[in-house]
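Undergrad: Below are the structure tokens for one structure; questions will follow.
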Amino acid sequence: MSLANEMSYEREHAVDADLLRLLRDAAAGFSRPDGIKRARALRFEKPGIDRKAWESMANDGWLGILVAQADGGQSLGFSAIRVLAEELQRSVNPEPLTAVAVLTALTVAGCPASPLRSKLLEGIVSGKLIVATAYQDAEGSLNVETPGVTLSDRGSLSGEARHVFPALGADGFVVAARQSAGIVLVYVEADAKGLSIAAELRADGSYSGRVTFKDVVAGKDAILASGKQAIETLSNAISAATLVTAAELFGLMERALEITIEYLKTRVQFGKPIGSFQALQHRTVDLWIQKELSRGALNDAISIFDGDGDSHAKRFAASRAKSRCGDAALLIGRESIKLHGAIGYTDEYDVGLYLRRAMTLAPWLGNPSEQRRALSKMLVVDDEVAPTDQVEDGGEGGFDPVFLSADRADVDWNSFSDAEFRKGVRAFFGLRYPQEFRALQALDADQTRHWTKIVAKKGWLAPAWPREHGGMDLSPAKQVIFMEEREASGVLRPAEMGMYMLGPVLMRYGTDEQKAKYLPPIVNGDWWWCQGYSEPNSGSDLASLQTEAVLDGDEYVINGSKIWTSGGHHADHMFMLVRTDKTVKKQEGISFILVDLASPGVTRRPIRNLAGKEEFAQEFFDNVRVPKENLLGGLNKGWTVAKALLGFERLGVGSPRRVQKPLRNVRNIARANGIFDAPEFRMRYTQLHLDVLDLGSIYNHFAAIVQGGGSPGPEISMMKIWAGETTQRITEFAIELSGSAGNIRSPQAFGDVEIDLLGPYYTLFSSTIAGGSNDIQRNILSARVLELPKG
């Protein structure tokens with residue numbers, strides 16, 4: 001993890017920064033002396049475990065990180081074990097940390113107090129015992145309620161457990177077995193009579209085992225737990241181990257990508273580093289995006305496990321993390337070999353070790369597809385919105401009546417619980433959104449202004465703005481809830497370019513006079529703003545713009561044209577970039593200025609999009625005079641302001657709110673067509689749902705940076721890419737599901753809902769182009785984040 005990302009994680013999740021750094025340094029120090037050399041030496045060797053290294057890990061306290069202090073452990077939590085797991089896998093460490101110190105330790109810890117429980121936990125924490133958990137049946141099923149071993153009434157075990165790790169070198173096994181009264185957890189010594197182990201060579205050269213029991217005697221004192229408690233403690237331990245395995249996969253992918261990026265920077269072909277070739281740059285950027293999505297899913301899961309999440313929330317979070325991290329680690333491992341060429345295919349080169357370890361860890365405890373199948377069953381989808389006749393009395397609805405007020409209230413909206421806030425927001429939109437708008441696919445200019453004023457009167461037009469400027473000052477988590485409920489209620493967005501884009505840069509770069517003049521009309525919904533960046537010959541190459549502003553006394557005289565301006569034919573004002581100095585480097589001669597579009601000399605031409613809607617406009621400026629105090633950020637400082645604003649724009653374009661309605665359309669179409677519960681649909685829908693959750697995670701990350709007064713940085717380009725491509729997948733899936741109705745331009749009825757199939761699909765082109773096309777975003781990430789060589 002980079003220092004910046006580590007510090008961001010610590011800030012967002014309030015973990016002990018010093019502790020994490022100490023653990024990370026200790027793990028790096030543990031691996032550094034021998035590094036991958038030791039891992040190579042243990043491959044294809046039985047049992048594949050270095051007992052001295054294991055004892056060293058125990059002496060450092062690592063094996064008891066998740067064990068309660070009362071049981072001899074450290075009870076440091078999942079943030080700590082996550083750091084350790086990631087760092088150890090950066091060197092492909094072969095020791096069974098997750099299998100023993102997580103899966104078995106937490107299985108035993110969840111059992112009732114007994115001498116055996118105490119003995120096993122003491123042995124595991126001290127490193128004196130290596131205990132594996134055996135629960136999969138002969139077919140390798142992951143269902144803990146159908147183990148392949150039975151416990152007879154006479155107290156003997158018979159049957160088979162597959163893929164047990166570490167089977168070779170284990171001192172004993174915690175075995176899940178069936179008996180007449182239900183499931184039991186039984187401890188068996190590895191040298192018990194009738195127990196045999198057949199080695200299973202895994203992809204990375206390590207061994208799991210097929211453990212066979214033939215009338216193995218298990219005494220009464222060998223039973224750790226039975227019935228419901230046995231199932232629950234084993235299931236919870238598997239969830240925890242699944243999460244930590246995801247962290248191990250993250251460590252693998254991160255290091256493999258680092259090796260690959262370094263190779264791309266130094267390997268020269270055709271007289272230049274191969275990392276300067278755009279095709280390889282974009283492929284590498286896509287791998288980096290998958291890594292960062294994995295980080296987000298992992299961060300979310302760790303927060304739930306270290307927080308107060310229930311067992312269902314933990315299982316969902318762990319499966320989500322394993323799904324994303326497993327796929328990403330396999331992808332990065334595979335593509336890293338390809339990006340290296342022939343040397344990557346050799347055993348002597350280290351990058352192949354990371355793929356083979358990922359191929360070993362990804363299937364363990366359930367591969368990514370199996371995780372998504374489990375998630376599809378856990379996924380609860382509720383599209384119901386409270387009818388207006390049920391929300392008149394907020395007290396009975398489980399939320400404060402202040403939510404239903406039409407007027408601004410002096411309230412700290414973050415003080416409400418997430419559940420109450422969600423109910424209250426849903427109720428407000430259910431009550432206040434005009435009934436006549438609910439069947440519309442889009443609002444015209446007058447309707448947009450009307451709805452904007454309603455939201456502004458409530459004080460809800462600027463969810464992220466600080467309260468001192470009239471905003472709600474919502475935390476990133478509350479912002480996501482706000483967006484989800486707005487979209488779930490079918491509410492079409494108000495005019496918000498001034499709020500999402502101009503407002504934040506005004507707060508950062510504006511003078512006190514400019515803030516006082518411009519911020520209130522934005523937050524009160526009085527002025528509709530548009531962005532004047534692109535020109536007929538300046539699109540992605542924004543610095544080549546030609547629209548000129550020449551100072552004449554106390555005014556700038558503007559001449560030129562802007563194009564592709566969203567809402568430009570309806571807006572009252574424009575924030576625009578103009579050239580104020582032609583004698584310097586092109587980026588250095590640009591200024592940022594605010595223009596009243598009612599000024600003499602401004603003319604506008606609407607432009608229709610693919611859907612036939614007048615979405616854009618071209619504006620012409622013919623000797624338009626603008627007061628010089630409208631310059632924002634200083635003369636010739638517009639490029640700095642523009643880059644900051646583009647970060648805020650990408651935050652808006654990448655917002656999860658843009659995909660909520662298309663995803664709801666998919667659900668409604670599937671329900672109307674009777675396929676919502678079909679396995680094929682559920683799997684594809686679950687993947688899309690996870691993609692949206694991952695988008696929400698990275699949005700929360702960048703929203704927290706902005707809320708803290710920082711700039712998102714170039715990394716935010718990944719959010720714009722992921723948002724656009726996720727929207728494309730969702731809208732295309734909706735068209736596919738609609739069958740023969742998929743080519744009809746007018747809204748089509750699916751059950752009681754009318755859905756515009758083509759409109760959202762056409763709109764996605766705007767979202768992937770606005771603020772810089774996705775290819776330009778990949779160029780930005782390649783140059784400014786990955787620091788690959790210039791072409």
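Starting from 1 in every chain, residues are counted up; chains themselves are A, B, ... following the order of the structure tokens, and ligands are numbered from 1 as listed.
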Using DSSP on the backbone, list every residue of stretch 109-309 of chain A that comes out as helix (DSSP H, G or I), and give them as a PyMOL selection string.

TA: chain A and resi 109+115-126+220-222+227-266+274-276+278-306

Undergrad: Write out as a ChimeraX atom specification the residues lying within 7 Å of stretch 727-741 of chain A, counting only C-alpha atoms and excluding same-chain residues fewer than 6 positions away.

TA: /A:659,662-663,665-666,669-670,688,757,760-761,764

Undergrad: Could you take the residues named above and write them with C-alpha atoms, as a PDB file, in the first residue's frame?

TA:
ATOM      1  CA  VAL A 659     -26.073   4.316 -12.115  1.00  0.00           C
ATOM      2  CA  PRO A 662     -30.341   2.224 -14.778  1.00  0.00           C
ATOM      3  CA  LEU A 663     -29.744  -0.561 -12.262  1.00  0.00           C
ATOM      4  CA  ASN A 665     -34.499  -0.410 -14.587  1.00  0.00           C
ATOM      5  CA  VAL A 666     -32.709  -3.752 -14.926  1.00  0.00           C
ATOM      6  CA  ILE A 669     -37.478  -5.365 -16.521  1.00  0.00           C
ATOM      7  CA  ALA A 670     -36.381  -8.708 -15.083  1.00  0.00           C
ATOM      8  CA  LEU A 688     -23.320  -5.371 -11.767  1.00  0.00           C
ATOM      9  CA  LEU A 757     -34.441   1.981 -22.735  1.00  0.00           C
ATOM     10  CA  PRO A 760     -29.850   6.148 -20.642  1.00  0.00           C
ATOM     11  CA  TYR A 761     -27.735   4.283 -23.195  1.00  0.00           C
ATOM     12  CA  LEU A 764     -23.623   7.275 -21.221  1.00  0.00           C
TER      13      LEU A 764
END

Undergrad: List the spatial neighbours of A:Ser561 as a list in words - criterion: any atom at most 6 Å away, only C-alpha atoms, same-chain residues fewer than 2 positions off excluded.

TA: Glu619, Phe620 and Phe621 of chain A

Undergrad: List the neighbours of A:Lys790 out to 9 Å using only C-alpha atoms; skip same-chain residues closer than 3 positions along the sequence, and give me the result as a list in words.

TA: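 Non-adjacent residues within range: Pro273, Gly275, Ser276, Phe277, Gln278, Ala783 and Glu787 of chain A.
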
Undergrad: What does the file look like for those residues with all heavy atoms, as a compact mmCIF listing (two decimals), in the first residue's frame?

TA:
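Written output follows (result_6.txt):
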# COMPACT_ATOMS: atom_id res chain seq x y z
N PRO A 273 11.61 2.84 -23.98
CA PRO A 273 11.01 1.95 -22.99
C PRO A 273 9.63 1.48 -23.45
O PRO A 273 8.84 2.28 -23.97
CB PRO A 273 10.90 2.83 -21.74
CG PRO A 273 11.89 3.92 -21.94
CD PRO A 273 11.93 4.17 -23.42
N GLY A 275 7.16 0.85 -21.80
CA GLY A 275 6.12 1.53 -21.04
C GLY A 275 5.68 2.84 -21.66
O GLY A 275 4.71 3.44 -21.18
N SER A 276 6.34 3.29 -22.70
CA SER A 276 5.93 4.50 -23.40
C SER A 276 4.90 4.21 -24.48
O SER A 276 4.32 5.14 -25.05
CB SER A 276 7.14 5.19 -24.03
OG SER A 276 7.71 4.39 -25.07
N PHE A 277 4.66 2.92 -24.76
CA PHE A 277 3.68 2.57 -25.80
C PHE A 277 2.27 2.67 -25.20
O PHE A 277 1.96 2.05 -24.19
CB PHE A 277 3.92 1.15 -26.31
CG PHE A 277 5.31 0.93 -26.86
CD1 PHE A 277 5.93 -0.30 -26.75
CD2 PHE A 277 6.00 1.97 -27.48
CE1 PHE A 277 7.21 -0.51 -27.25
CE2 PHE A 277 7.28 1.77 -28.00
CZ PHE A 277 7.89 0.54 -27.87
N GLN A 278 1.41 3.45 -25.85
CA GLN A 278 0.09 3.73 -25.28
C GLN A 278 -0.74 2.47 -25.05
O GLN A 278 -1.46 2.37 -24.06
CB GLN A 278 -0.68 4.71 -26.15
CG GLN A 278 -1.95 5.21 -25.50
CD GLN A 278 -2.72 6.18 -26.37
OE1 GLN A 278 -3.23 5.81 -27.42
NE2 GLN A 278 -2.78 7.44 -25.95
N ALA A 783 0.54 8.67 -16.83
CA ALA A 783 1.63 9.63 -16.67
C ALA A 783 1.79 10.11 -15.24
O ALA A 783 2.90 10.18 -14.70
CB ALA A 783 1.39 10.83 -17.59
N GLU A 787 3.37 6.89 -13.49
CA GLU A 787 4.63 7.50 -13.91
C GLU A 787 5.34 6.67 -14.96
O GLU A 787 6.57 6.49 -14.93
CB GLU A 787 5.54 7.73 -12.69
CG GLU A 787 4.94 8.69 -11.67
CD GLU A 787 5.82 8.94 -10.47
OE1 GLU A 787 6.76 8.13 -10.26
OE2 GLU A 787 5.60 9.92 -9.75

Undergrad: Within 12 Å of A:Gly251, counting only C-alpha atoms, which residues show up once you throw out same-chain ones fewer than 5 positions away? Write them as a PyMOL selection string, please.

TA: chain A and resi 1-2+24+28+82-93+244-246+256-258+291-292+294-295+298+325-326+328-329+332-333+354-355+357-358+361

Undergrad: I'd like the neighbourhood of A:Thr146 as a PyMOL selection string, where a residue qualifies if any of its atoms comes within 10 Å (using only C-alpha atoms), though same-chain residues fewer than 5 positions away should be ignored.

TA: chain A and resi 135-137+141+176-178+182-183

Undergrad: List the neighbours of A:Glu615 out to 7 Å using only C-alpha atoms; skip same-chain residues closer than 4 positions along the sequence, and give me the result as a list of chain:residue names.

TA: A:Ser566, A:Gly567, A:Ile607, A:Arg608, A:Asn609

Undergrad: Just list the residues in stretch 374-603 of chain A DSSP gives strand (DSSP E or B) on the backbone, as a ChimeraX atom specification.

TA: /A:529-532,535,538,548-552,555-562,573-579,590-596,602-603

Undergrad: Go ahead and dump the residues you just picked, C-alpha atoms, as an mmCIF file, in the first residue's frame.

TA:
data_model
loop_
_atom_site.group_PDB
_atom_site.id
_atom_site.type_symbol
_atom_site.label_atom_id
_atom_site.label_comp_id
_atom_site.auth_asym_id
_atom_site.auth_seq_id
_atom_site.Cartn_x
_atom_site.Cartn_y
_atom_site.Cartn_z
ATOM 1 C CA TRP A 529 -24.636 27.613 -14.338
ATOM 2 C CA CYS A 530 -22.900 25.908 -17.245
ATOM 3 C CA GLN A 531 -19.259 25.151 -18.020
ATOM 4 C CA GLY A 532 -17.411 26.812 -20.897
ATOM 5 C CA GLU A 535 -14.207 24.838 -28.212
ATOM 6 C CA SER A 538 -10.103 22.414 -28.476
ATOM 7 C CA GLU A 548 -9.740 35.435 -25.896
ATOM 8 C CA ALA A 549 -10.303 37.971 -23.094
ATOM 9 C CA VAL A 550 -8.556 41.332 -23.429
ATOM 10 C CA LEU A 551 -8.517 43.827 -20.560
ATOM 11 C CA ASP A 552 -10.085 47.163 -21.462
ATOM 12 C CA GLU A 555 -13.609 45.062 -18.063
ATOM 13 C CA TYR A 556 -12.478 42.084 -20.074
ATOM 14 C CA VAL A 557 -13.691 41.930 -23.665
ATOM 15 C CA ILE A 558 -14.338 38.321 -24.713
ATOM 16 C CA ASN A 559 -14.388 37.004 -28.277
ATOM 17 C CA GLY A 560 -14.657 33.389 -29.370
ATOM 18 C CA SER A 561 -16.881 30.329 -29.090
ATOM 19 C CA LYS A 562 -17.590 27.440 -26.712
ATOM 20 C CA HIS A 573 -24.291 32.071 -16.168
ATOM 21 C CA MET A 574 -21.143 30.373 -17.416
ATOM 22 C CA PHE A 575 -17.793 29.720 -15.758
ATOM 23 C CA MET A 576 -15.304 29.620 -18.593
ATOM 24 C CA LEU A 577 -11.665 29.456 -19.561
ATOM 25 C CA VAL A 578 -10.282 32.253 -21.724
ATOM 26 C CA ARG A 579 -6.874 33.108 -23.112
ATOM 27 C CA ILE A 590 -5.305 30.953 -19.414
ATOM 28 C CA SER A 591 -7.688 32.599 -16.927
ATOM 29 C CA PHE A 592 -10.937 31.476 -15.300
ATOM 30 C CA ILE A 593 -13.811 33.958 -15.530
ATOM 31 C CA LEU A 594 -17.501 34.117 -14.601
ATOM 32 C CA VAL A 595 -19.897 35.405 -17.266
ATOM 33 C CA ASP A 596 -23.548 36.492 -17.186
ATOM 34 C CA VAL A 602 -23.780 36.384 -26.339
ATOM 35 C CA THR A 603 -25.699 34.121 -28.738
#

Undergrad: Taking into account only C-alpha atoms, which residue in the set A:Lys119, A:Lys265, A:Arg373, A:Lys272 is nearest to A:Arg320?

TA: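 Of the candidates, the smallest distance to A:Arg320 is held by A:Arg373.
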
Undergrad: Hey, can you check how far atom CA of A:Ala488 sits from atom CA of A:Met719?

TA: 21.8 Å
